[in-house]
>>> print(open('input.cif').read())   # mmCIF, C-alpha atoms
data_upload
loop_
_atom_site.label_atom_id
_atom_site.label_comp_id
_atom_site.auth_asym_id
_atom_site.auth_seq_id
_atom_site.Cartn_x
_atom_site.Cartn_y
_atom_site.Cartn_z
CA MET O 1 96.31 -51.06 -113.04
CA ASN O 2 96.64 -54.09 -115.33
CA ALA O 3 95.40 -53.92 -118.86
CA SER O 4 92.41 -56.15 -119.46
CA LEU O 5 89.70 -57.67 -117.33
CA LYS O 6 88.38 -59.90 -120.13
CA PRO O 7 88.83 -60.32 -123.87
CA VAL O 8 87.50 -57.36 -125.84
CA GLN O 9 84.21 -58.00 -127.64
CA ALA O 10 83.92 -56.01 -130.86
CA PRO O 11 80.12 -55.54 -130.63
CA ALA O 12 80.48 -54.14 -127.09
CA GLU O 13 83.15 -51.72 -128.28
CA ARG O 14 80.97 -50.62 -131.18
CA GLN O 15 78.00 -49.98 -128.88
CA ALA O 16 80.16 -48.07 -126.41
CA ARG O 17 81.41 -45.82 -129.19
CA ILE O 18 77.86 -45.19 -130.43
CA ASP O 19 76.65 -44.36 -126.93
CA LEU O 20 79.54 -41.98 -126.23
CA ALA O 21 78.97 -40.21 -129.54
CA ALA O 22 75.28 -39.89 -128.65
CA CYS O 23 76.25 -38.45 -125.28
CA HIS O 24 78.24 -35.68 -126.99
CA ARG O 25 75.43 -34.90 -129.46
CA ILE O 26 72.72 -34.83 -126.80
CA ALA O 27 74.81 -32.61 -124.53
CA ALA O 28 75.26 -30.18 -127.42
CA ARG O 29 71.49 -30.17 -128.06
CA PHE O 30 70.81 -29.32 -124.43
CA GLY O 31 73.41 -26.54 -124.33
CA LEU O 32 75.65 -28.40 -121.90
CA HIS O 33 78.72 -28.06 -124.11
CA GLU O 34 81.54 -25.51 -124.28
CA GLY O 35 82.25 -25.54 -128.01
CA ILE O 36 85.25 -27.79 -128.63
CA ASP O 37 86.32 -27.69 -124.98
CA ASN O 38 85.55 -30.06 -122.08
CA HIS O 39 85.58 -33.83 -122.46
CA MET O 40 83.39 -36.91 -122.09
CA THR O 41 85.13 -40.26 -121.73
CA SER O 42 84.30 -43.87 -120.99
CA LEU O 43 86.37 -46.99 -120.39
CA VAL O 44 86.77 -49.34 -123.32
CA PRO O 45 84.66 -52.48 -122.75
CA GLY O 46 86.80 -55.32 -121.44
CA TYR O 47 89.54 -52.99 -120.17
CA SER O 48 90.23 -51.32 -116.88
CA ASP O 49 93.11 -49.16 -118.12
CA ARG O 50 92.07 -47.47 -121.36
CA PHE O 51 89.33 -45.06 -122.34
CA TYR O 52 87.65 -43.52 -125.36
CA LEU O 53 88.30 -39.85 -126.08
CA ALA O 54 87.17 -37.61 -128.93
CA PRO O 55 90.13 -35.91 -130.68
CA PHE O 56 90.42 -32.25 -129.74
CA GLY O 57 88.96 -29.80 -132.24
CA LEU O 58 85.64 -31.52 -132.87
CA HIS O 59 82.50 -29.69 -131.82
CA TRP O 60 80.33 -31.95 -129.69
CA SER O 61 77.54 -31.65 -132.26
CA GLU O 62 79.67 -33.39 -134.91
CA VAL O 63 81.24 -36.24 -132.92
CA LYS O 64 80.75 -39.69 -134.50
CA ALA O 65 81.31 -43.19 -133.13
CA SER O 66 84.29 -43.72 -135.44
CA ASP O 67 86.07 -40.59 -134.23
CA PHE O 68 87.20 -41.82 -130.82
CA CYS O 69 90.77 -42.65 -130.06
CA GLU O 70 91.78 -44.97 -127.22
CA ILE O 71 94.13 -43.73 -124.51
CA ASP O 72 95.74 -46.06 -121.98
CA PHE O 73 96.62 -45.17 -118.40
CA GLY O 74 100.24 -44.63 -119.43
CA GLY O 75 99.03 -41.72 -121.55
CA ARG O 76 99.65 -43.54 -124.83
CA MET O 77 97.27 -43.48 -127.78
CA VAL O 78 96.73 -47.15 -128.55
CA ALA O 79 94.08 -46.74 -131.27
CA GLY O 80 92.75 -43.95 -133.43
CA GLY O 81 94.36 -40.59 -134.00
CA GLY O 82 94.06 -36.83 -133.65
CA ALA O 83 95.09 -34.14 -131.20
CA VAL O 84 94.69 -34.75 -127.47
CA GLU O 85 94.19 -31.72 -125.21
CA ASP O 86 96.16 -31.69 -121.95
CA THR O 87 93.22 -31.63 -119.55
CA ALA O 88 91.81 -34.79 -121.15
CA PHE O 89 94.86 -36.57 -119.81
CA PHE O 90 95.17 -34.71 -116.56
CA ILE O 91 91.53 -34.77 -115.44
CA HIS O 92 89.98 -37.84 -117.00
CA LEU O 93 92.86 -40.31 -116.79
CA PRO O 94 93.40 -39.96 -113.01
CA VAL O 95 89.67 -40.04 -112.28
CA HIS O 96 89.19 -43.20 -114.34
CA ARG O 97 92.26 -44.71 -112.65
CA LEU O 98 91.51 -43.79 -109.05
CA ALA O 99 87.69 -43.94 -108.87
CA PRO O 100 86.40 -47.52 -109.39
CA HIS O 101 82.84 -46.29 -110.05
CA ALA O 102 83.99 -43.87 -112.76
CA ARG O 103 83.67 -45.99 -115.87
CA CYS O 104 82.20 -42.89 -117.52
CA VAL O 105 83.53 -39.41 -116.74
CA LEU O 106 81.69 -36.30 -117.96
CA HIS O 107 83.27 -32.88 -117.44
CA THR O 108 81.30 -29.80 -118.52
CA HIS O 109 80.95 -26.10 -117.87
CA MET O 110 77.16 -26.35 -118.24
CA PRO O 111 75.72 -22.94 -117.34
CA TYR O 112 73.42 -23.39 -114.36
CA ALA O 113 75.55 -25.86 -112.43
CA THR O 114 78.61 -23.70 -113.13
CA ALA O 115 76.72 -20.62 -111.95
CA LEU O 116 75.94 -22.48 -108.75
CA ALA O 117 79.63 -23.35 -108.39
CA MET O 118 80.46 -19.62 -108.50
CA LEU O 119 78.38 -18.76 -105.44
CA GLU O 120 79.84 -18.37 -101.97
CA ASN O 121 77.52 -21.22 -100.97
CA PRO O 122 77.52 -23.55 -103.97
CA GLY O 123 75.42 -26.24 -102.33
CA LEU O 124 72.51 -27.82 -104.15
CA GLU O 125 69.70 -27.24 -101.68
CA MET O 126 67.26 -29.97 -100.74
CA ALA O 127 64.35 -27.79 -101.76
CA MET O 128 62.94 -29.49 -104.86
CA GLN O 129 62.35 -33.08 -105.94
CA ASN O 130 65.06 -33.38 -108.62
CA GLY O 131 67.65 -32.14 -106.15
CA LEU O 132 66.89 -34.99 -103.76
CA MET O 133 68.48 -37.55 -106.09
CA PHE O 134 71.82 -35.89 -105.24
CA HIS O 135 71.37 -36.04 -101.48
CA GLU O 136 74.80 -36.69 -99.92
CA ASP O 137 76.20 -37.52 -103.37
CA ILE O 138 77.96 -34.24 -104.24
CA ALA O 139 81.56 -33.40 -103.35
CA TYR O 140 83.04 -29.90 -103.58
CA VAL O 141 86.57 -28.80 -104.44
CA GLU O 142 88.27 -25.41 -104.65
CA TYR O 143 89.55 -24.03 -107.96
CA ASN O 144 93.26 -24.48 -108.55
CA GLY O 145 93.85 -23.29 -112.12
CA PHE O 146 94.16 -25.41 -115.25
CA ALA O 147 94.73 -29.14 -114.95
CA PHE O 148 98.10 -29.23 -116.68
CA ASP O 149 99.69 -32.01 -114.63
CA GLN O 150 98.76 -35.40 -113.22
CA SER O 151 98.70 -34.17 -109.63
CA GLU O 152 95.74 -31.88 -110.33
CA GLY O 153 93.66 -34.73 -111.71
CA GLU O 154 94.60 -36.84 -108.71
CA ARG O 155 93.51 -34.01 -106.42
CA LEU O 156 90.13 -33.94 -108.15
CA ALA O 157 89.78 -37.72 -107.96
CA ARG O 158 90.51 -37.65 -104.21
CA ALA O 159 87.97 -34.86 -103.73
CA LEU O 160 85.35 -36.84 -105.65
CA GLY O 161 85.82 -39.91 -103.43
CA ASP O 162 82.86 -42.25 -103.78
CA LYS O 163 80.42 -39.53 -104.88
CA SER O 164 78.99 -39.28 -108.40
CA VAL O 165 79.25 -35.48 -108.66
CA LEU O 166 82.15 -33.12 -108.08
CA MET O 167 81.24 -29.43 -108.01
CA MET O 168 84.42 -27.70 -109.13
CA ARG O 169 84.29 -24.26 -107.53
CA ASN O 170 84.59 -21.36 -110.02
CA HIS O 171 85.00 -23.88 -112.84
CA GLY O 172 82.30 -26.45 -113.67
CA VAL O 173 81.26 -29.98 -112.80
CA LEU O 174 82.51 -33.52 -113.05
CA VAL O 175 79.93 -36.31 -113.12
CA VAL O 176 80.78 -40.02 -113.14
CA GLY O 177 78.88 -43.27 -113.36
CA GLU O 178 79.22 -47.03 -113.56
CA THR O 179 77.54 -46.81 -116.98
CA LEU O 180 77.25 -44.03 -119.51
CA PRO O 181 73.43 -43.76 -119.29
CA ARG O 182 73.64 -43.40 -115.51
CA ALA O 183 76.34 -40.75 -115.74
CA PHE O 184 74.37 -38.79 -118.33
CA GLU O 185 71.18 -39.10 -116.30
CA ARG O 186 72.91 -37.45 -113.35
CA LEU O 187 74.50 -34.78 -115.55
CA TYR O 188 71.11 -33.92 -117.05
CA PHE O 189 69.22 -33.76 -113.76
CA LEU O 190 72.05 -31.91 -112.01
CA GLU O 191 71.74 -29.13 -114.55
CA ARG O 192 67.94 -29.12 -114.24
CA ALA O 193 68.10 -28.95 -110.45
CA ALA O 194 70.70 -26.18 -110.56
CA GLN O 195 68.57 -24.26 -113.08
CA VAL O 196 65.50 -24.36 -110.88
CA GLN O 197 67.51 -23.34 -107.80
CA ILE O 198 69.07 -20.37 -109.65
CA LEU O 199 65.60 -19.32 -110.87
CA ALA O 200 64.17 -19.56 -107.36
CA LEU O 201 67.07 -17.58 -105.88
CA SER O 202 66.64 -14.91 -108.57
CA THR O 203 63.30 -13.94 -107.01
CA GLY O 204 65.17 -12.69 -103.95
CA ARG O 205 62.84 -14.70 -101.74
CA PRO O 206 64.11 -17.42 -99.35
CA LEU O 207 64.00 -21.07 -100.34
CA HIS O 208 61.63 -23.38 -98.50
CA PRO O 209 63.66 -26.51 -97.65
CA ILE O 210 62.10 -29.96 -97.59
CA ALA O 211 61.93 -31.49 -94.11
CA ASP O 212 64.82 -33.87 -93.35
CA ALA O 213 62.52 -36.82 -92.72
CA VAL O 214 60.84 -36.32 -96.10
CA VAL O 215 64.24 -35.96 -97.77
CA ARG O 216 65.40 -39.30 -96.37
CA ALA O 217 62.15 -41.05 -97.27
CA THR O 218 62.22 -39.67 -100.81
CA VAL O 219 65.82 -40.74 -101.33
CA THR O 220 64.71 -44.28 -100.47
CA GLN O 221 61.89 -43.94 -102.99
CA PHE O 222 64.39 -42.84 -105.66
CA HIS O 223 66.34 -46.05 -105.12
CA SER O 224 63.28 -48.31 -105.01
CA GLY O 225 61.87 -46.74 -108.18
CA ALA O 226 65.11 -46.86 -110.18
CA ALA O 227 63.71 -49.52 -112.54
CA VAL O 228 60.47 -49.55 -114.53
CA GLY O 229 59.33 -52.71 -116.25
CA GLY O 230 62.58 -54.36 -115.29
CA ARG O 231 64.71 -51.69 -116.99
CA ASP O 232 66.80 -48.96 -115.42
CA ARG O 233 65.23 -45.51 -115.74
CA ALA O 234 68.56 -44.09 -116.93
CA ASP O 235 68.76 -46.69 -119.70
CA LEU O 236 65.20 -45.90 -120.78
CA HIS O 237 65.88 -42.16 -120.82
CA PHE O 238 69.11 -42.54 -122.79
CA ALA O 239 67.45 -44.89 -125.29
CA ALA O 240 64.70 -42.31 -125.87
CA LEU O 241 67.27 -39.59 -126.47
CA LYS O 242 69.11 -41.80 -128.95
CA ARG O 243 65.87 -42.38 -130.85
CA ILE O 244 65.62 -38.61 -131.32
CA LEU O 245 69.14 -38.61 -132.76
CA ASP O 246 68.30 -41.60 -134.97
CA ARG O 247 65.54 -39.56 -136.61
CA SER O 248 67.37 -36.25 -136.98
CA GLU O 249 71.14 -36.88 -137.14
CA PRO O 250 71.79 -40.61 -137.53
CA ASP O 251 75.40 -40.02 -138.62
CA TYR O 252 76.40 -39.95 -134.92
CA ALA O 253 76.44 -43.76 -135.03
CA THR O 254 78.80 -44.01 -138.02
#
>>> encode(input="input.cif", output="structure tokens")
Amino acid sequence: MNASLKPVQAPAERQARIDLAACHRIAARFGLHEGIDNHMTSLVPGYSDRFYLAPFGLHWSEVKASDFCEIDFGGRMVAGGGAVEDTAFFIHLPVHRLAPHARCVLHTHMPYATALAMLENPGLEMAMQNGLMFHEDIAYVEYNGFAFDQSEGERLARALGDKSVLMMRNHGVLVVGETLPRAFERLYFLERAAQVQILALSTGRPLHPIADAVVRATVTQFHSGAAVGGRDRADLHFAALKRILDRSEPDYAT
């Protein structure tokens, strides 16, 4: 893929860095992190072939906007510095490269969604409202060990296809989006939906599925209600979460 789509705008880069740092901090607050492991990346504004990545070794709760390095699709660090862990290359780079809708790629081992991925039937059931936003938008892939080569990331990207969620069996999840707020919105609600399903299953009683006709109608309602006051719900949610960070740990934006 060729390098740039348009000239880079410094303010857009700065905002993208701030938002990605916020994403790491918020994920840590919600317990969606795995210490210094897993990665969250987003394409650099104005480019289609390079992405921001936090250097390996930082806990998600300490990531700052200035920390990110830039990696191009040739695997070269073109800005910034620090250690780069193999799976950052071999999962995120191929997904960014092969999935046009994956401007933001979030890979976590968040507990409830990962627990769901361990089950013989890992499907998110259409049995509660939050789950309906993922109707026909989740792909599933078998575990194949660590992603230590490009072919494994390409396998994951092919499995993802045009979906926004990849349930990685016996491993974790991969969530992508055209924007960072939309990707985080789906990551957040995926974990909430998985949590409620695990809690319901823990009773030992059968789930009561929502009727197919109601599922389809509600999915349409999700799309029609995606904006409030002319603003995307995901943007509003992410802005609210950043305001919490602004009050309690404003250094994320430095």
>>> resolve_selection(input="input.cif", expression="the PyMOL selection byres ((chain O and resi 23) around 12)", output="NGL selection string")
:O and (16-22 or 24-30 or 32-33 or 39-42 or 54 or 60-65 or 104-107 or 179-185 or 187-188 or 237-239 or 241-242 or 245 or 252-253)
>>> write_last_selection(input="input.cif", atoms="C-alpha atoms", output="PDB file, in the frame of the given file")
ATOM      1  CA  ALA O  16      80.160 -48.070-126.410  1.00  0.00           C
ATOM      2  CA  ARG O  17      81.410 -45.820-129.190  1.00  0.00           C
ATOM      3  CA  ILE O  18      77.860 -45.190-130.430  1.00  0.00           C
ATOM      4  CA  ASP O  19      76.650 -44.360-126.930  1.00  0.00           C
ATOM      5  CA  LEU O  20      79.540 -41.980-126.230  1.00  0.00           C
ATOM      6  CA  ALA O  21      78.970 -40.210-129.540  1.00  0.00           C
ATOM      7  CA  ALA O  22      75.280 -39.890-128.650  1.00  0.00           C
ATOM      8  CA  HIS O  24      78.240 -35.680-126.990  1.00  0.00           C
ATOM      9  CA  ARG O  25      75.430 -34.900-129.460  1.00  0.00           C
ATOM     10  CA  ILE O  26      72.720 -34.830-126.800  1.00  0.00           C
ATOM     11  CA  ALA O  27      74.810 -32.610-124.530  1.00  0.00           C
ATOM     12  CA  ALA O  28      75.260 -30.180-127.420  1.00  0.00           C
ATOM     13  CA  ARG O  29      71.490 -30.170-128.060  1.00  0.00           C
ATOM     14  CA  PHE O  30      70.810 -29.320-124.430  1.00  0.00           C
ATOM     15  CA  LEU O  32      75.650 -28.400-121.900  1.00  0.00           C
ATOM     16  CA  HIS O  33      78.720 -28.060-124.110  1.00  0.00           C
ATOM     17  CA  HIS O  39      85.580 -33.830-122.460  1.00  0.00           C
ATOM     18  CA  MET O  40      83.390 -36.910-122.090  1.00  0.00           C
ATOM     19  CA  THR O  41      85.130 -40.260-121.730  1.00  0.00           C
ATOM     20  CA  SER O  42      84.300 -43.870-120.990  1.00  0.00           C
ATOM     21  CA  ALA O  54      87.170 -37.610-128.930  1.00  0.00           C
ATOM     22  CA  TRP O  60      80.330 -31.950-129.690  1.00  0.00           C
ATOM     23  CA  SER O  61      77.540 -31.650-132.260  1.00  0.00           C
ATOM     24  CA  GLU O  62      79.670 -33.390-134.910  1.00  0.00           C
ATOM     25  CA  VAL O  63      81.240 -36.240-132.920  1.00  0.00           C
ATOM     26  CA  LYS O  64      80.750 -39.690-134.500  1.00  0.00           C
ATOM     27  CA  ALA O  65      81.310 -43.190-133.130  1.00  0.00           C
ATOM     28  CA  CYS O 104      82.200 -42.890-117.520  1.00  0.00           C
ATOM     29  CA  VAL O 105      83.530 -39.410-116.740  1.00  0.00           C
ATOM     30  CA  LEU O 106      81.690 -36.300-117.960  1.00  0.00           C
ATOM     31  CA  HIS O 107      83.270 -32.880-117.440  1.00  0.00           C
ATOM     32  CA  THR O 179      77.540 -46.810-116.980  1.00  0.00           C
ATOM     33  CA  LEU O 180      77.250 -44.030-119.510  1.00  0.00           C
ATOM     34  CA  PRO O 181      73.430 -43.760-119.290  1.00  0.00           C
ATOM     35  CA  ARG O 182      73.640 -43.400-115.510  1.00  0.00           C
ATOM     36  CA  ALA O 183      76.340 -40.750-115.740  1.00  0.00           C
ATOM     37  CA  PHE O 184      74.370 -38.790-118.330  1.00  0.00           C
ATOM     38  CA  GLU O 185      71.180 -39.100-116.300  1.00  0.00           C
ATOM     39  CA  LEU O 187      74.500 -34.780-115.550  1.00  0.00           C
ATOM     40  CA  TYR O 188      71.110 -33.920-117.050  1.00  0.00           C
ATOM     41  CA  HIS O 237      65.880 -42.160-120.820  1.00  0.00           C
ATOM     42  CA  PHE O 238      69.110 -42.540-122.790  1.00  0.00           C
ATOM     43  CA  ALA O 239      67.450 -44.890-125.290  1.00  0.00           C
ATOM     44  CA  LEU O 241      67.270 -39.590-126.470  1.00  0.00           C
ATOM     45  CA  LYS O 242      69.110 -41.800-128.950  1.00  0.00           C
ATOM     46  CA  LEU O 245      69.140 -38.610-132.760  1.00  0.00           C
ATOM     47  CA  TYR O 252      76.400 -39.950-134.920  1.00  0.00           C
ATOM     48  CA  ALA O 253      76.440 -43.760-135.030  1.00  0.00           C
TER      49      ALA O 253
END
>>> residues_around(input="input.cif", residues="Ala88 in chain O", least_positions_apart="6", cutoff="12 Å", atoms="all atoms listed in the file", output="number ranges by chain")
O: 37-42, 51-56, 69-73, 75, 94-96, 105-108, 146-150, 152-153
>>> resolve_selection(input="input.cif", expression="the PyMOL selection byres ((chain O and resi 120-135) around 6)", output="PyMOL selection string")
chain O and resi 116-117+119+136-137+193+209-210
>>> residues_around(input="input.cif", residues="Glu142 in chain O", least_positions_apart="2", cutoff="8 Å", atoms="all atoms listed in the file", output="number ranges by chain")
O: 140, 144, 168-170
>>> closest_residue(input="input.cif", among="O:Ile36, O:Ala115, O:Ala79, O:Glu13", to="Gln197 in chain O", atoms="only C-alpha atoms")
O:Ala115
>>> atom_distance(input="input.cif", atom1="CA of Ser48 in chain O", atom2="CA of Ser164 in chain O")
18.5 Å
>>> atom_distance(input="input.cif", atom1="CA of Leu160 in chain O", atom2="CA of His92 in chain O")
12.3 Å
>>> closest_residue(input="input.cif", among="O:Asp67, O:Ala10, O:Arg97, O:Met118", to="Ile198 in chain O", atoms="all atoms listed in the file")
O:Met118
>>> atom_distance(input="input.cif", atom1="CA of Asp86 in chain O", atom2="CA of Ser66 in chain O")
21.6 Å
>>> closest_residue(input="input.cif", among="O:Leu201, O:Leu190, O:Val219, O:Val175", to="Ala157 in chain O", atoms="all atoms listed in the file")
O:Val175
